[in-house]
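What follows is a set of notes on a single structure, which appears directly below.
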Amino acid sequence: MEDALQLVRNIVPPLTAKKHKGQDGRVGVVGGCREYTGAPYFAAISALKVGADLSHVFCTQEAAPVIKAYSPELIVHPVLDSPDAVHDVGKWLPRLHALVVGPGLGRDDVLLSNVKDILEASKARGIPIVIDADGLWLIAQQPALIQGYQKAVLTPNHVEFSRLSEAVLGDPLDGQDRRGAVLRLSQALGNVTVVQKGERDVISDGKQVLECSQEGSGRRCGGQGDLLSGSLGVLVHWALQAGPERTDGFSPLLVAAFGACTLTRQCSHQAFQKHGRSTTTTDMIAEVGPAFSRLFET
Ligand SMILES: NC(=O)C1=CN([C@@H]2O[C@H](COP(=O)(O)OP(=O)(O)OC[C@H]3O[C@@H](n4cnc5c(N)ncnc54)[C@H](O)[C@@H]3O)[C@@H](O)[C@H]2O)[C@@H](O)CC1
Ligand SMILES: Nc1ncnc2c1ncn2[C@@H]1O[C@H](COP(=O)(O)OP(=O)(O)OP(=O)(O)O)[C@@H](O)[C@H]1O
Ligand SMILES: [Mg+2]
């Protein structure tokens, strides 16, 4: 654990007077629909709080004013259900360092079809992609969409992992051997990085397996996974920018994923110490700064 933490520290960019706005990360979150506005907000604000400079949300028209009203800090594009969605998102892609696809996306066929084309356009540009929540629903329907794309990280919870495992390997989840199950899924997807969240988080790029058992809390309120995927969007960019020499031969994406898992669990731990059973994801987001300093800036 301590060695892996040091690798995360190695990828954190220094804050200097020489940088311009945007250099430490321009992240896009694809998600947000009629039902779900909290999830994309949690992901996008977490990216900013971890240290990204700009955070965009690409959501449906209806969701946009709601998400804008949560925060003046997010740039919100009401484009995901427009007939030109792929073009409208595509024109921003050259300016983005990473995409987080799925928080609060929902499962509407039109939206999923647009997201499929956005994924293809992002892959063509080599943009790192974190896929979470309903983005994983899409991947379970069409695993070929992400097959072999080594700049992708999937962040399934228990149910999402079983669904993917069934779709890709034809296996229901083997609860006994979580390390083996995550390793096999990653290998079958062509070394896409997989983060299986749970009591311990198990992370693999199909070659190595890392486990994160940082102390969190017993609270399982919704939105914690969104904090994780949004944070990961920034950390993936930082890790790829830092390169493999700073991650000691480990895949940069593996190190980024370990960082996001550790941070999310530490936020949960700190928030729970203050709020106990009433802890919600908003309380955890308030802990991102202090948790980050404690873990990675010591
Ligand atoms: N405030 C918000 O807007 C939130 C929206 N969310 C969004 O809600 C949508 C659906 O996400 P879900 O995660 O509910 O996915 P699913 O719709 O696939 O539902 C999974 C269900 O399984 C249950 N479950 C979880 N762990 C389990 C376990 N170990 N064994 C058995 N059952 C288990 C959960 O209670 C959940 O109801 C996504 O778009 C997601 O991003 C969530 O991110 C939570 C917060
Ligand atoms: N049993 C557990 N014990 C400790 N931590 C856990 C446990 N289950 C999940 N976590 C942690 O909670 C965070 C979110 O994981 P979870 O499985 O709840 O995601 P999720 O279902 O996608 O969340 P969301 O509600 O945002 O969609 C992760 O950091 C994970 O490590
Ligand atoms: Mg989730």
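The chains in the structure tokens are called A, B, ... from first to last as shown; in each chain the residues are counted from 1, and the ligands are counted from 1 in the order shown.
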Report task. For ligand 1, list the contacting residues at 7 Å or closer, counting only C-alpha atoms and all ligand atoms, as an MDAnalysis selection string. Result -> chainID A and resid 36:39 102:106 133:134 157:160 222:223 225:226
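Excluding A:Gly259 and any residue on its chain fewer than 4 positions from it, the residues at most 7 Å away by only C-alpha atoms are Val8, Val255 and Leu263 of chain A.
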Export of the given selection (all heavy atoms) as a PDB file, in the first residue's frame:
ATOM      1  N   VAL A   8       1.619   7.278  -6.485  1.00  0.00           N
ATOM      2  CA  VAL A   8       0.597   8.305  -6.747  1.00  0.00           C
ATOM      3  C   VAL A   8       1.207   9.691  -6.481  1.00  0.00           C
ATOM      4  O   VAL A   8       1.010  10.629  -7.274  1.00  0.00           O
ATOM      5  CB  VAL A   8      -0.666   8.093  -5.880  1.00  0.00           C
ATOM      6  CG1 VAL A   8      -1.719   9.143  -6.219  1.00  0.00           C
ATOM      7  CG2 VAL A   8      -1.243   6.691  -6.058  1.00  0.00           C
ATOM      8  N   VAL A 255      -1.842   3.098 -11.433  1.00  0.00           N
ATOM      9  CA  VAL A 255      -1.460   4.006 -10.334  1.00  0.00           C
ATOM     10  C   VAL A 255      -2.552   5.062 -10.129  1.00  0.00           C
ATOM     11  O   VAL A 255      -2.949   5.365  -8.997  1.00  0.00           O
ATOM     12  CB  VAL A 255      -0.089   4.656 -10.634  1.00  0.00           C
ATOM     13  CG1 VAL A 255       0.239   5.734  -9.608  1.00  0.00           C
ATOM     14  CG2 VAL A 255       0.997   3.591 -10.669  1.00  0.00           C
ATOM     15  N   LEU A 263      -8.196   7.831  -2.292  1.00  0.00           N
ATOM     16  CA  LEU A 263      -8.747   9.151  -1.968  1.00  0.00           C
ATOM     17  C   LEU A 263     -10.228   9.048  -1.592  1.00  0.00           C
ATOM     18  O   LEU A 263     -10.662   9.642  -0.589  1.00  0.00           O
ATOM     19  CB  LEU A 263      -8.571  10.087  -3.172  1.00  0.00           C
ATOM     20  CG  LEU A 263      -9.129  11.497  -2.984  1.00  0.00           C
ATOM     21  CD1 LEU A 263      -8.331  12.271  -1.925  1.00  0.00           C
ATOM     22  CD2 LEU A 263      -9.106  12.274  -4.312  1.00  0.00           C
TER      23      LEU A 263
END
Query raised in the report: Can I get the residues close to ligand 2 as an NGL selection string, where close means within 10 Å and we count only C-alpha atoms and all ligand atoms?
Result: :A and (38-40 or 42-43 or 102-104 or 132-134 or 155-161 or 195-202 or 212-229 or 260-269 or 281)
**Report entry** Distance query A:Pro143 at most 10 Å, only C-alpha atoms, self and fewer than 4 positions along chain excluded, as a VMD selection string
**Finding:** chain A and resid 136 to 139 147 to 148 164 167 to 168 188 to 189
Query raised in the report: Pick from A:Ile118, A:Ile45, A:Leu253, A:Val192: nearest to A:Gly90, with only C-alpha atoms counted?
Result: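 The closest residue to A:Gly90 is A:Ile118.
One finds atom CA of A:Ile127 at 7.2 Å from atom CA of A:Leu99.
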Requested in this report: Please run DSSP on the backbone and report, as an MDAnalysis selection string, all residues within stretch 46-226 of chain A that come out as strand (DSSP E or B).
Outcome: chainID A and resid 54:59 75:78 98:101 129:131 152:154 193:196 201:204 209:212
Can those selected residues be exported to a file as a compact mmCIF listing (two decimals), in the first residue's frame so that it contains N, CA, C and O atoms?
# COMPACT_ATOMS: atom_id res chain seq x y z
N LEU A 54 -10.36 22.84 -15.32
CA LEU A 54 -11.67 23.06 -15.92
C LEU A 54 -12.44 21.74 -15.96
O LEU A 54 -11.86 20.70 -16.27
N SER A 55 -13.72 21.81 -15.67
CA SER A 55 -14.53 20.60 -15.64
C SER A 55 -15.82 20.85 -16.41
O SER A 55 -16.58 21.77 -16.08
N HIS A 56 -16.03 20.05 -17.44
CA HIS A 56 -17.20 20.18 -18.31
C HIS A 56 -18.19 19.06 -18.03
O HIS A 56 -17.77 17.94 -17.72
N VAL A 57 -19.48 19.35 -18.19
CA VAL A 57 -20.50 18.29 -18.15
C VAL A 57 -21.26 18.35 -19.47
O VAL A 57 -21.73 19.41 -19.88
N PHE A 58 -21.38 17.21 -20.13
CA PHE A 58 -22.19 17.08 -21.36
C PHE A 58 -23.42 16.26 -20.99
O PHE A 58 -23.32 15.05 -20.73
N CYS A 59 -24.58 16.93 -20.91
CA CYS A 59 -25.79 16.28 -20.40
C CYS A 59 -26.97 16.61 -21.31
O CYS A 59 -26.83 17.28 -22.33
N ILE A 75 -18.75 23.87 -16.28
CA ILE A 75 -19.17 24.32 -17.61
C ILE A 75 -20.13 23.25 -18.12
O ILE A 75 -19.75 22.08 -18.24
N VAL A 76 -21.37 23.64 -18.35
CA VAL A 76 -22.41 22.63 -18.60
C VAL A 76 -22.97 22.79 -20.01
O VAL A 76 -23.45 23.87 -20.37
N HIS A 77 -22.91 21.73 -20.80
CA HIS A 77 -23.36 21.75 -22.19
C HIS A 77 -24.64 20.93 -22.35
O HIS A 77 -24.59 19.70 -22.18
N PRO A 78 -25.76 21.57 -22.69
CA PRO A 78 -27.02 20.82 -22.80
C PRO A 78 -27.18 20.18 -24.18
O PRO A 78 -28.03 20.55 -24.96
N ALA A 98 -9.26 14.26 -20.59
CA ALA A 98 -9.84 12.98 -20.19
C ALA A 98 -11.36 13.10 -20.17
O ALA A 98 -11.90 14.20 -19.97
N LEU A 99 -12.01 11.96 -20.37
CA LEU A 99 -13.47 11.91 -20.38
C LEU A 99 -13.94 10.90 -19.33
O LEU A 99 -13.33 9.83 -19.20
N VAL A 100 -14.99 11.26 -18.60
CA VAL A 100 -15.61 10.32 -17.65
C VAL A 100 -17.01 10.05 -18.18
O VAL A 100 -17.84 10.97 -18.23
N VAL A 101 -17.28 8.84 -18.58
CA VAL A 101 -18.52 8.55 -19.29
C VAL A 101 -19.44 7.69 -18.44
O VAL A 101 -19.05 6.59 -18.03
N ILE A 129 -10.25 7.50 -21.22
CA ILE A 129 -11.69 7.44 -20.91
C ILE A 129 -11.91 6.61 -19.66
O ILE A 129 -11.50 5.44 -19.59
N VAL A 130 -12.59 7.20 -18.68
CA VAL A 130 -13.06 6.46 -17.50
C VAL A 130 -14.51 6.10 -17.77
O VAL A 130 -15.31 6.99 -18.11
N ILE A 131 -14.87 4.84 -17.62
CA ILE A 131 -16.27 4.46 -17.86
C ILE A 131 -16.88 3.92 -16.58
O ILE A 131 -16.33 3.02 -15.93
N ALA A 152 -8.40 3.15 -21.44
CA ALA A 152 -9.72 3.12 -20.77
C ALA A 152 -9.60 2.50 -19.39
O ALA A 152 -8.80 1.58 -19.17
N VAL A 153 -10.38 3.03 -18.46
CA VAL A 153 -10.51 2.44 -17.12
C VAL A 153 -11.99 2.24 -16.84
O VAL A 153 -12.78 3.19 -16.96
N LEU A 154 -12.37 1.03 -16.47
CA LEU A 154 -13.76 0.74 -16.09
C LEU A 154 -13.84 0.68 -14.56
O LEU A 154 -12.98 0.07 -13.93
N THR A 193 -8.03 -1.30 -18.17
CA THR A 193 -7.89 -1.34 -16.71
C THR A 193 -9.28 -1.46 -16.06
O THR A 193 -10.21 -0.76 -16.46
N VAL A 194 -9.39 -2.36 -15.09
CA VAL A 194 -10.68 -2.58 -14.42
C VAL A 194 -10.50 -2.34 -12.92
O VAL A 194 -9.55 -2.84 -12.31
N VAL A 195 -11.42 -1.56 -12.34
CA VAL A 195 -11.43 -1.29 -10.89
C VAL A 195 -12.74 -1.86 -10.34
O VAL A 195 -13.81 -1.34 -10.63
N GLN A 196 -12.65 -2.96 -9.61
CA GLN A 196 -13.87 -3.51 -9.01
C GLN A 196 -13.99 -2.95 -7.59
O GLN A 196 -13.18 -3.25 -6.71
N ASP A 201 -11.01 -2.54 -2.90
CA ASP A 201 -11.10 -2.26 -4.33
C ASP A 201 -9.99 -3.06 -5.02
O ASP A 201 -8.84 -3.02 -4.59
N VAL A 202 -10.35 -3.81 -6.05
CA VAL A 202 -9.37 -4.64 -6.76
C VAL A 202 -9.17 -4.05 -8.16
O VAL A 202 -10.14 -3.81 -8.88
N ILE A 203 -7.90 -3.82 -8.50
CA ILE A 203 -7.58 -3.08 -9.72
C ILE A 203 -6.61 -3.90 -10.56
O ILE A 203 -5.61 -4.39 -10.05
N SER A 204 -6.89 -4.04 -11.86
CA SER A 204 -5.96 -4.77 -12.71
C SER A 204 -5.91 -4.21 -14.12
O SER A 204 -6.91 -3.73 -14.65
N VAL A 209 -2.07 -6.87 -10.45
CA VAL A 209 -3.29 -6.62 -9.66
C VAL A 209 -2.88 -5.82 -8.43
O VAL A 209 -1.92 -6.18 -7.74
N LEU A 210 -3.59 -4.73 -8.17
CA LEU A 210 -3.38 -3.96 -6.94
C LEU A 210 -4.67 -4.01 -6.14
O LEU A 210 -5.76 -4.09 -6.71
N GLU A 211 -4.53 -3.95 -4.83
CA GLU A 211 -5.73 -3.88 -3.98
C GLU A 211 -5.66 -2.65 -3.12
O GLU A 211 -4.59 -2.33 -2.59
N CYS A 212 -6.78 -1.99 -2.95
CA CYS A 212 -6.84 -0.83 -2.06
C CYS A 212 -7.76 -1.16 -0.90
O CYS A 212 -8.95 -1.43 -1.10
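Using only C-alpha atoms and all ligand atoms, the smallest distance between any of A:Gln61, A:Met284, A:Gly31, A:Ala271 and ligand 3 comes from A:Gly31.
Interatomic distance, atom CA of A:Ile146 to atom CA of A:Pro128: 11.4 Å.
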Query - Secondary structure check, helix (DSSP H, G or I) residues of stretch 168-240 of chain A, as a PyMOL selection string - result: chain A and resi 168-169+178-188+224-240
Requested in this report: In Å, rounded to a single decimal, give me how far atom CA of A:Ile67 is from atom CA of A:Ile285.
Outcome: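 Between atom CA of A:Ile285 and atom CA of A:Ile67 the gap is 16.0 Å.
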Requested in this report: Choose the residue, out of A:Gly206, A:Gly175, A:Gly276, A:Gly135, that has the smallest atom-to-atom separation from ligand 3; count only C-alpha atoms and all ligand atoms.
Outcome: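 Checking each of A:Gly206, A:Gly175, A:Gly276, A:Gly135 against ligand 3, counting only C-alpha atoms and all ligand atoms, the winner is A:Gly135.
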